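Shown next: structure-v5.tsv, given as TSV, C-alpha atoms and all ligand atoms.
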chain	number	residue	atom	x	y	z
E	1	MET	CA	6.69	15.78	-20.88
E	2	SER	CA	8.05	13.37	-18.31
E	3	GLU	CA	6.29	10.17	-17.26
E	4	LYS	CA	4.31	9.99	-14.07
E	5	VAL	CA	5.89	8.56	-10.91
E	6	LYS	CA	4.07	5.32	-10.05
E	7	VAL	CA	3.62	3.99	-6.53
E	8	LEU	CA	2.19	0.59	-5.53
E	9	MET	CA	1.00	-0.27	-1.99
E	10	VAL	CA	1.06	-3.98	-1.10
E	11	CYS	CA	-0.41	-6.08	1.75
E	12	LEU	CA	-1.71	-9.66	1.96
E	13	GLY	CA	-5.37	-9.42	0.97
E	14	ASN	CA	-5.50	-5.95	-0.68
E	15	ILE	CA	-8.71	-5.31	1.26
E	16	CYS	CA	-7.59	-3.76	4.60
E	17	ARG	CA	-4.17	-2.03	4.79
E	18	SER	CA	-3.01	-1.36	1.22
E	19	PRO	CA	-6.36	0.14	0.09
E	20	LEU	CA	-6.01	2.67	2.93
E	21	ALA	CA	-2.40	3.47	2.00
E	22	HIS	CA	-3.51	3.76	-1.65
E	23	GLY	CA	-6.35	6.19	-0.84
E	24	ILE	CA	-4.34	8.27	1.62
E	25	LEU	CA	-1.30	8.76	-0.63
E	26	GLU	CA	-3.39	9.36	-3.75
E	27	ASN	CA	-5.18	12.17	-1.93
E	28	LYS	CA	-1.86	13.89	-1.15
E	29	LEU	CA	-0.39	13.84	-4.67
E	30	ASP	CA	-1.04	15.71	-7.92
E	31	PRO	CA	-2.78	13.16	-10.20
E	32	SER	CA	-1.16	14.71	-13.28
E	33	LYS	CA	2.27	13.76	-11.90
E	34	TYR	CA	1.65	10.57	-9.89
E	35	THR	CA	-0.22	7.28	-10.15
E	36	VAL	CA	-1.02	5.27	-7.00
E	37	ASP	CA	-2.40	1.71	-6.94
E	38	SER	CA	-2.47	-1.28	-4.57
E	39	ALA	CA	-2.26	-5.08	-4.67
E	40	GLY	CA	-2.19	-8.10	-2.36
E	41	THR	CA	0.29	-10.97	-2.34
E	42	GLY	CA	-2.61	-13.41	-1.81
E	43	ALA	CA	-5.36	-14.26	-4.29
E	44	TYR	CA	-8.26	-14.74	-1.83
E	45	HIS	CA	-9.98	-11.41	-2.40
E	46	ILE	CA	-9.35	-10.61	-6.08
E	47	GLY	CA	-12.09	-8.36	-7.46
E	48	LYS	CA	-13.50	-7.42	-4.04
E	49	GLN	CA	-14.10	-3.96	-2.58
E	50	PRO	CA	-12.04	-2.94	0.45
E	51	ASP	CA	-13.15	-4.33	3.84
E	52	LEU	CA	-16.11	-2.35	5.24
E	53	ARG	CA	-14.00	-1.33	8.24
E	54	SER	CA	-11.34	0.21	5.95
E	55	ILE	CA	-14.07	1.96	3.96
E	56	ALA	CA	-15.50	3.34	7.23
E	57	VAL	CA	-12.24	4.66	8.68
E	58	ALA	CA	-11.32	6.24	5.33
E	59	ARG	CA	-14.73	7.90	5.14
E	60	LYS	CA	-14.29	9.23	8.69
E	61	TYR	CA	-11.26	11.17	7.41
E	62	GLY	CA	-12.93	12.32	4.19
E	63	LEU	CA	-11.63	9.68	1.76
E	64	ASP	CA	-13.76	7.52	-0.52
E	65	ILE	CA	-12.02	4.21	-1.32
E	66	THR	CA	-15.14	2.35	-2.51
E	67	ASN	CA	-14.03	2.37	-6.17
E	68	GLN	CA	-11.00	0.22	-5.41
E	69	ARG	CA	-11.00	-3.50	-6.35
E	70	ALA	CA	-8.49	-6.04	-5.06
E	71	GLN	CA	-5.83	-7.45	-7.38
E	72	GLN	CA	-2.94	-9.83	-6.83
E	73	PHE	CA	0.68	-8.69	-6.96
E	74	LYS	CA	2.50	-10.09	-10.03
E	75	ALA	CA	6.08	-9.85	-11.31
E	76	ARG	CA	4.89	-7.47	-14.07
E	77	HIS	CA	4.20	-4.84	-11.39
E	78	PHE	CA	7.98	-4.37	-11.09
E	79	ASP	CA	7.98	-3.00	-14.65
E	80	GLU	CA	4.97	-0.76	-14.07
E	81	PHE	CA	5.88	0.85	-10.72
E	82	ASP	CA	8.77	2.96	-9.46
E	83	HIS	CA	8.14	2.50	-5.72
E	84	ILE	CA	6.58	-0.56	-4.04
E	85	PHE	CA	5.67	-0.13	-0.36
E	86	VAL	CA	4.81	-3.25	1.65
E	87	MET	CA	3.10	-3.41	5.05
E	88	ASP	CA	4.92	-6.26	6.79
E	89	ALA	CA	7.88	-8.64	6.57
E	90	SER	CA	5.78	-11.42	5.09
E	91	ASN	CA	4.62	-9.12	2.25
E	92	TYR	CA	8.25	-8.09	1.78
E	93	TYR	CA	9.50	-11.64	1.27
E	94	ASN	CA	6.59	-12.58	-0.98
E	95	VAL	CA	7.21	-9.57	-3.23
E	96	ILE	CA	11.02	-9.87	-3.26
E	97	GLU	CA	10.69	-13.51	-4.28
E	98	LEU	CA	9.27	-12.32	-7.63
E	99	ALA	CA	12.03	-9.75	-8.28
E	100	SER	CA	14.35	-10.74	-11.10
E	101	ASN	CA	17.20	-8.28	-10.57
E	102	ASP	CA	18.69	-5.81	-8.12
E	103	GLU	CA	16.91	-2.82	-9.64
E	104	GLU	CA	13.54	-4.48	-8.98
E	105	HIS	CA	14.62	-5.49	-5.47
E	106	GLN	CA	15.58	-1.86	-4.70
E	107	LYS	CA	12.07	-0.63	-5.52
E	108	VAL	CA	10.63	-2.47	-2.49
E	109	ASN	CA	10.58	-1.16	1.07
E	110	LEU	CA	8.53	-1.51	4.22
E	111	ILE	CA	6.29	1.56	4.39
E	112	LEU	CA	7.10	2.33	8.04
E	113	ASN	CA	10.81	2.64	7.16
E	114	GLU	CA	9.76	6.04	5.81
E	115	LEU	CA	9.18	7.08	9.43
E	116	THR	CA	11.84	4.99	11.20
E	117	PRO	CA	14.49	4.11	8.61
E	118	GLY	CA	16.06	0.70	9.00
E	119	MET	CA	13.78	-0.36	11.88
E	120	ASP	CA	11.72	-2.68	9.68
E	121	SER	CA	8.56	-1.95	11.70
E	122	GLU	CA	5.34	-3.51	10.44
E	123	VAL	CA	1.80	-2.25	9.89
E	124	PRO	CA	-0.19	-4.86	11.87
E	125	ASP	CA	-2.84	-6.86	10.05
E	126	PRO	CA	-6.18	-5.56	11.42
E	127	TYR	CA	-8.35	-8.21	9.69
E	128	TYR	CA	-9.16	-10.33	12.76
E	129	GLY	CA	-9.37	-7.43	15.21
E	130	GLY	CA	-11.84	-4.64	15.92
E	131	ASP	CA	-12.36	-1.09	14.73
E	132	GLN	CA	-9.54	0.28	16.91
E	133	GLY	CA	-7.06	-1.74	14.83
E	134	PHE	CA	-8.25	0.01	11.68
E	135	GLU	CA	-7.96	3.41	13.37
E	136	ASN	CA	-4.37	2.59	14.42
E	137	VAL	CA	-3.50	1.43	10.92
E	138	TYR	CA	-5.01	4.59	9.45
E	139	GLN	CA	-2.91	6.82	11.72
E	140	MET	CA	0.33	4.98	10.91
E	141	LEU	CA	-0.36	5.11	7.18
E	142	GLU	CA	-1.36	8.77	7.28
E	143	GLU	CA	1.98	9.68	8.86
E	144	ALA	CA	4.01	7.46	6.51
E	145	CYS	CA	2.17	8.68	3.39
E	146	ASP	CA	2.68	12.29	4.41
E	147	LYS	CA	6.43	11.65	4.50
E	148	ILE	CA	6.35	9.79	1.17
E	149	SER	CA	4.37	12.59	-0.50
E	150	LYS	CA	7.07	15.08	0.47
E	151	ARG	CA	9.96	12.86	-0.64
E	152	ILE	CA	9.00	11.38	-4.01
M	201	LIG	P1	-4.85	-7.00	4.42
M	201	LIG	O1	-5.66	-7.84	5.52
M	201	LIG	O2	-3.66	-7.84	4.06
M	201	LIG	O3	-4.48	-5.76	5.15
M	201	LIG	O4	-5.80	-6.77	3.27
M	201	LIG	C1	-6.08	-9.16	5.33
M	201	LIG	C2	-7.24	-9.40	4.66
M	201	LIG	C3	-7.67	-10.70	4.50
M	201	LIG	C4	-6.94	-11.75	5.01
M	201	LIG	C5	-5.77	-11.49	5.69
M	201	LIG	C6	-5.34	-10.18	5.84
M	201	LIG	N1	-7.41	-13.08	4.88
M	201	LIG	O5	-6.77	-13.99	5.43
M	201	LIG	O6	-8.43	-13.32	4.21
Would you mind writing the structure in this file as structure tokens?
Amino acid sequence: MSEKVKVLMVCLGNICRSPLAHGILENKLDPSKYTVDSAGTGAYHIGKQPDLRSIAVARKYGLDITNQRAQQFKARHFDEFDHIFVMDASNYYNVIELASNDEEHQKVNLILNELTPGMDSEVPDPYYGGDQGFENVYQMLEEACDKISKRI
């Protein structure tokens, strides 16, 4: 039996964007073949539930992400995961900084490059905005995760 394919979603706090990406992709994949998790480059929110606005927009589309708890991205995640999707350029540089070889570096990509390869578009941080920001983020991540689920 072959090992599961493991995917990690990464943002800054692991409470707004990456928990949504985690929940959306997990819902599209066969759990006997894939593992999905998420992490933040920052340590501020370790152990916390996703932001209430992320929980609400996920629930609106039938997903329950309330069991998730924030963790910080560490170099060991390069060993544990096959694909690491980051939300913005700042996440990208913070993750790449911990890579120790080219193979690890190659595991990391901006999630929106799934939709527009090479454009390096970013999923905007919705933390300081309103509910519409979370809706926009959800729609972007839904489209990107659909593409990922068909490719990996
Ligand atoms: P996330 O959003 O990176 O999508 O989880 C943020 C959450 C918290 C903070 C920044 C971004 N913060 O500064 O506390």
Select, from E:Leu20, E:Ala144, E:Ala43, E:Met87, the residue with the minimum atom-to-atom distance to E:Asp64, counting all atoms listed in the file.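 Closest candidate: E:Leu20.
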Top pick for closest residue to E:Ala21, considering E:Leu141, E:Ser149, E:Glu122, E:Tyr127 and counting only C-alpha atoms: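 Smallest distance to E:Ala21 is found for E:Leu141.
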Any idea what the distance is between atom CA of E:His83 and atom C5 of ligand LIG 201 (chain M)?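 Spanning atom CA of E:His83 to atom C5 of ligand LIG 201 (chain M) is a straight-line distance of 22.8 Å.
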I'd like the neighbourhood of stretch 97-104 of chain E as a PyMOL selection string, where a residue qualifies if any of its atoms comes within 8 Å (using only C-alpha atoms), though same-chain residues fewer than 3 positions away should be ignored. chain E and resi 74-75+78+93-94+107-108
Give me the residues near E:Cys16 as an MDAnalysis selection string, where near means some atom within 7 Å (using all atoms listed in the file) and where sequence neighbours in that chain fewer than 6 positions away do not count. chainID E and resid 50:51 54 127
Please, what distance in Å, to one decimal, runs between atom CA of E:Val36 and atom CA of E:Ile55? 17.4 Å
Quick one: stretch 15-28 of chain E with N, CA, C and O atoms, as a short mmCIF file (atom, residue, chain, number, x, y, z; two decimals), in the coordinates of the input?
data_model
loop_
_atom_site.label_atom_id
_atom_site.label_comp_id
_atom_site.auth_asym_id
_atom_site.auth_seq_id
_atom_site.Cartn_x
_atom_site.Cartn_y
_atom_site.Cartn_z
N ILE E 15 -7.38 -5.80 0.87
CA ILE E 15 -8.71 -5.31 1.26
C ILE E 15 -8.68 -4.46 2.53
O ILE E 15 -9.64 -3.74 2.79
N CYS E 16 -7.62 -4.54 3.34
CA CYS E 16 -7.59 -3.76 4.60
C CYS E 16 -6.53 -2.65 4.57
O CYS E 16 -6.87 -1.47 4.52
N ARG E 17 -5.24 -3.02 4.63
CA ARG E 17 -4.17 -2.03 4.79
C ARG E 17 -3.80 -1.30 3.50
O ARG E 17 -3.77 -0.06 3.47
N SER E 18 -3.49 -2.05 2.43
CA SER E 18 -3.01 -1.36 1.22
C SER E 18 -4.08 -0.47 0.56
O SER E 18 -3.72 0.57 0.00
N PRO E 19 -5.38 -0.81 0.64
CA PRO E 19 -6.36 0.14 0.09
C PRO E 19 -6.36 1.48 0.84
O PRO E 19 -6.57 2.53 0.23
N LEU E 20 -6.11 1.41 2.16
CA LEU E 20 -6.01 2.67 2.93
C LEU E 20 -4.79 3.46 2.51
O LEU E 20 -4.86 4.67 2.25
N ALA E 21 -3.63 2.79 2.42
CA ALA E 21 -2.40 3.47 2.00
C ALA E 21 -2.58 4.07 0.61
O ALA E 21 -2.16 5.21 0.34
N HIS E 22 -3.23 3.32 -0.27
CA HIS E 22 -3.51 3.76 -1.65
C HIS E 22 -4.35 5.06 -1.63
O HIS E 22 -3.98 6.07 -2.24
N GLY E 23 -5.45 5.03 -0.88
CA GLY E 23 -6.35 6.19 -0.84
C GLY E 23 -5.70 7.40 -0.20
O GLY E 23 -5.85 8.54 -0.67
N ILE E 24 -4.96 7.16 0.88
CA ILE E 24 -4.34 8.27 1.62
C ILE E 24 -3.26 8.94 0.77
O ILE E 24 -3.23 10.17 0.65
N LEU E 25 -2.38 8.14 0.15
CA LEU E 25 -1.30 8.76 -0.63
C LEU E 25 -1.85 9.44 -1.88
O LEU E 25 -1.43 10.57 -2.20
N GLU E 26 -2.80 8.79 -2.54
CA GLU E 26 -3.39 9.36 -3.75
C GLU E 26 -3.94 10.76 -3.48
O GLU E 26 -3.81 11.68 -4.29
N ASN E 27 -4.56 10.91 -2.31
CA ASN E 27 -5.18 12.17 -1.93
C ASN E 27 -4.15 13.30 -1.67
O ASN E 27 -4.49 14.47 -1.67
N LYS E 28 -2.89 12.90 -1.46
CA LYS E 28 -1.86 13.89 -1.15
C LYS E 28 -1.04 14.31 -2.37
O LYS E 28 -0.21 15.20 -2.27
#
